[in-house]
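Enquirer: I am attaching a structure below and will ask some questions about it afterwards.
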Amino acid sequence: MKKLLLLSFLFIGNIVIAQDLYNSCSAAFLNEQMIVEEYSATAKAKISKETTGWISAGAVSLGDVSKGEKAFEITEKLAFGVAIKDASTGTIMLFSPKEYKKIEAEKVLAKCRKGDSIIIMTTDNKFALPHNEILVY
């Protein structure tokens, strides 16, 4: 009976913890501007091969532009990993095992060809990052 009670508590505890996953909005940025044009399910993130500046990721609070609010506000800078997805094979290669708060776009783009994608990986499962794949054009 004690084992059944313990298992029940562990099961309920896992359900409660699981509800906290990916419940905070976040986005990838280039020089403090969202890389994606709009924060929606259909939006695509793109970056030019010649882009310069700093790539970062952050938690965002989305505003209602129709009410005169800012479109977004960065509420917290996030640590993230970087990988590159090869356009021709679909292979995803880790750019570096380091975690970043920001990285120079030029350093990442030097390893990319047009058609490849930069993958931004969150290090905290609290944050949803729906536009984590950035197409290099």
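For the structure tokens, the naming scheme is as follows: chains receive sequential letters (A, B, ...) according to their order of presentation, residues are indexed from 1 within each chain, and ligands are indexed from 1 in presentation order.
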Set the distance at 12 Å and use only C-alpha atoms: which residues neighbour Pro97 (chain A) once local chain neighbours fewer than 3 positions away are removed? I'd like the list as a PyMOL selection string.

Expert: chain A and resi 80-83+93-94+100+121+123

Enquirer: Just the residues within 7 Å of region 48-64 of chain A, please, counting only C-alpha atoms, with nothing from its chain fewer than 2 positions along; format it as a count of residues only.

Expert: 33

Enquirer: Using DSSP on the backbone coordinates, identify all residues within chain A classified as alpha helix (DSSP H); present the result as JSON, numbers by chain.

Expert: {"A": [2, 3, 4, 5, 6, 7, 8, 9, 10, 11, 12, 13, 14, 15, 16, 17, 18, 105, 106, 107, 108, 109]}

Enquirer: Using C-alpha atoms, can you write the selected residues to a file as a JSON list (two decimals), in the first residue's frame?

Expert:
```
[["chain", "number", "residue", "atom", "x", "y", "z"],
["A", 2, "LYS", "CA", 2.85, 2.40, 0.83],
["A", 3, "LYS", "CA", 4.41, 1.76, -2.58],
["A", 4, "LEU", "CA", 1.10, 2.48, -4.33],
["A", 5, "LEU", "CA", 0.71, 5.74, -2.39],
["A", 6, "LEU", "CA", 4.30, 6.76, -3.20],
["A", 7, "LEU", "CA", 3.80, 5.99, -6.89],
["A", 8, "SER", "CA", 0.58, 8.02, -6.91],
["A", 9, "PHE", "CA", 2.36, 11.04, -5.43],
["A", 10, "LEU", "CA", 5.20, 10.72, -7.96],
["A", 11, "PHE", "CA", 2.73, 10.48, -10.84],
["A", 12, "ILE", "CA", 0.73, 13.51, -9.68],
["A", 13, "GLY", "CA", 3.97, 15.43, -9.08],
["A", 14, "ASN", "CA", 5.12, 14.75, -12.64],
["A", 15, "ILE", "CA", 1.81, 15.97, -14.05],
["A", 16, "VAL", "CA", 2.05, 19.22, -12.09],
["A", 17, "ILE", "CA", 5.66, 19.79, -13.14],
["A", 18, "ALA", "CA", 4.91, 18.97, -16.78],
["A", 105, "ALA", "CA", 25.82, 37.01, -36.48],
["A", 106, "GLU", "CA", 28.92, 37.12, -38.70],
["A", 107, "LYS", "CA", 30.55, 34.24, -36.79],
["A", 108, "VAL", "CA", 27.56, 31.98, -37.31],
["A", 109, "LEU", "CA", 26.88, 33.08, -40.88]]
```

Enquirer: Could you please write out, as a list of chain:residue names, every residue of region 45-91 of chain A that DSSP assigns to strand (DSSP E or B)?

Expert: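 Of region 45-91 of chain A, only A:Ala45, A:Lys46, A:Ile47, A:Trp54, A:Ile55, A:Ser56, A:Ala57, A:Gly58, A:Ala59, A:Val60, A:Ser61, A:Leu62, A:Phe72, A:Glu73, A:Ile74, A:Thr75, A:Glu76, A:Lys77, A:Phe80, A:Gly81, A:Val82, A:Ala83, A:Ile84, A:Lys85 fall in strand (DSSP E or B).
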
Enquirer: I'd like the neighbourhood of Ile92 (chain A) as a PyMOL selection string, where a residue qualifies if any of its atoms comes within 12 Å (using only C-alpha atoms), though same-chain residues fewer than 3 positions away should be ignored.

Expert: chain A and resi 82-89+95+112+116-121+133

Enquirer: Restricted to all heavy atoms, what would the selected residues look like written as a compact mmCIF listing (two decimals), in the first residue's frame?

Expert:
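After the write, selection-v2.txt holds the following:
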```
# COMPACT_ATOMS: atom_id res chain seq x y z
N VAL A 82 23.50 27.13 -30.30
CA VAL A 82 23.38 27.42 -31.73
C VAL A 82 23.79 26.17 -32.52
O VAL A 82 24.80 25.53 -32.22
CB VAL A 82 24.29 28.60 -32.14
CG1 VAL A 82 24.19 28.87 -33.63
CG2 VAL A 82 23.96 29.85 -31.34
N ALA A 83 22.99 25.86 -33.53
CA ALA A 83 23.31 24.79 -34.46
C ALA A 83 23.04 25.29 -35.87
O ALA A 83 22.36 26.31 -36.05
CB ALA A 83 22.49 23.54 -34.17
N ILE A 84 23.56 24.59 -36.85
CA ILE A 84 23.34 24.95 -38.25
C ILE A 84 22.73 23.74 -38.95
O ILE A 84 23.25 22.62 -38.82
CB ILE A 84 24.65 25.37 -38.93
CG1 ILE A 84 25.20 26.63 -38.24
CG2 ILE A 84 24.43 25.61 -40.42
CD1 ILE A 84 26.60 27.01 -38.66
N LYS A 85 21.65 23.98 -39.67
CA LYS A 85 20.99 22.92 -40.44
C LYS A 85 21.39 23.07 -41.90
O LYS A 85 21.11 24.11 -42.52
CB LYS A 85 19.48 23.01 -40.29
CG LYS A 85 18.73 21.91 -41.01
CD LYS A 85 17.24 22.04 -40.76
CE LYS A 85 16.46 20.96 -41.48
NZ LYS A 85 15.01 21.14 -41.26
N ASP A 86 22.03 22.05 -42.45
CA ASP A 86 22.46 22.06 -43.83
C ASP A 86 21.25 21.92 -44.75
O ASP A 86 20.42 21.01 -44.58
CB ASP A 86 23.45 20.91 -44.07
CG ASP A 86 23.96 20.87 -45.49
OD1 ASP A 86 24.79 21.72 -45.84
OD2 ASP A 86 23.49 20.00 -46.24
N ALA A 87 21.14 22.81 -45.73
CA ALA A 87 19.98 22.81 -46.62
C ALA A 87 19.91 21.57 -47.50
O ALA A 87 18.83 21.05 -47.75
CB ALA A 87 19.99 24.06 -47.49
N SER A 88 21.04 21.08 -47.96
CA SER A 88 21.01 19.98 -48.92
C SER A 88 20.81 18.62 -48.28
O SER A 88 20.20 17.74 -48.89
CB SER A 88 22.29 19.98 -49.77
OG SER A 88 23.42 19.84 -48.94
N THR A 89 21.26 18.42 -47.04
CA THR A 89 21.13 17.10 -46.41
C THR A 89 20.17 17.07 -45.23
O THR A 89 19.77 16.01 -44.79
CB THR A 89 22.49 16.59 -45.92
OG1 THR A 89 22.95 17.45 -44.86
CG2 THR A 89 23.51 16.54 -47.04
N PHE A 95 26.94 24.23 -33.63
CA PHE A 95 27.91 25.28 -33.95
C PHE A 95 29.02 25.30 -32.91
O PHE A 95 30.20 25.41 -33.23
CB PHE A 95 27.20 26.63 -34.01
CG PHE A 95 28.12 27.81 -34.18
CD1 PHE A 95 28.66 28.10 -35.42
CD2 PHE A 95 28.45 28.61 -33.11
CE1 PHE A 95 29.52 29.18 -35.59
CE2 PHE A 95 29.30 29.69 -33.26
CZ PHE A 95 29.84 29.97 -34.50
N CYS A 112 27.66 29.20 -42.69
CA CYS A 112 26.41 28.91 -43.40
C CYS A 112 26.53 29.21 -44.88
O CYS A 112 27.29 30.07 -45.29
CB CYS A 112 25.27 29.76 -42.83
SG CYS A 112 24.85 29.44 -41.14
N ASP A 116 20.76 27.36 -45.90
CA ASP A 116 20.93 26.72 -44.59
C ASP A 116 20.04 27.43 -43.57
O ASP A 116 19.49 28.50 -43.84
CB ASP A 116 22.39 26.81 -44.13
CG ASP A 116 23.33 25.92 -44.92
OD1 ASP A 116 22.86 25.09 -45.72
OD2 ASP A 116 24.56 26.08 -44.73
N SER A 117 19.94 26.85 -42.40
CA SER A 117 19.19 27.48 -41.31
C SER A 117 20.04 27.52 -40.05
O SER A 117 20.81 26.60 -39.78
CB SER A 117 17.90 26.71 -41.01
OG SER A 117 17.02 26.77 -42.09
N ILE A 118 19.89 28.60 -39.31
CA ILE A 118 20.49 28.72 -37.98
C ILE A 118 19.42 28.26 -37.00
O ILE A 118 18.29 28.73 -37.05
CB ILE A 118 20.91 30.17 -37.69
CG1 ILE A 118 21.96 30.63 -38.70
CG2 ILE A 118 21.43 30.30 -36.26
CD1 ILE A 118 22.24 32.12 -38.66
N ILE A 119 19.78 27.34 -36.14
CA ILE A 119 18.85 26.82 -35.14
C ILE A 119 19.24 27.40 -33.78
O ILE A 119 20.38 27.26 -33.34
CB ILE A 119 18.89 25.28 -35.06
CG1 ILE A 119 18.74 24.64 -36.43
CG2 ILE A 119 17.87 24.76 -34.06
CD1 ILE A 119 17.40 24.81 -37.07
N ILE A 120 18.29 28.07 -33.14
CA ILE A 120 18.50 28.61 -31.80
C ILE A 120 17.81 27.65 -30.83
O ILE A 120 16.62 27.37 -30.95
CB ILE A 120 17.88 30.03 -31.67
CG1 ILE A 120 18.45 30.97 -32.73
CG2 ILE A 120 18.09 30.58 -30.26
CD1 ILE A 120 19.93 31.22 -32.63
N MET A 121 18.58 27.13 -29.86
CA MET A 121 18.07 26.13 -28.93
C MET A 121 18.03 26.70 -27.51
O MET A 121 19.06 27.14 -26.99
CB MET A 121 18.97 24.89 -28.95
CG MET A 121 19.08 24.27 -30.34
SD MET A 121 20.32 22.97 -30.42
CE MET A 121 21.82 23.93 -30.26
N GLU A 133 14.08 28.30 -35.96
CA GLU A 133 14.82 28.00 -37.19
C GLU A 133 14.82 29.24 -38.08
O GLU A 133 13.78 29.71 -38.51
CB GLU A 133 14.18 26.82 -37.93
CG GLU A 133 15.00 26.34 -39.08
CD GLU A 133 14.53 25.01 -39.63
OE1 GLU A 133 13.87 24.25 -38.90
OE2 GLU A 133 14.83 24.74 -40.81
```

Enquirer: Rank A:Pro130, A:Leu135, A:Glu37, A:Asp20 by their smallest atom-to-atom distance to Gly115 (chain A), using only C-alpha atoms, and report the top residue only.

Expert: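 So, comparing all the options, the nearest one is A:Leu135.
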
Enquirer: Have a look at CA of Asp124 (chain A) and CA of Lys44 (chain A) and let me know their distance in Å, one decimal.

Expert: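 Pair CA of Asp124 (chain A) / CA of Lys44 (chain A) returns 22.5 Å.
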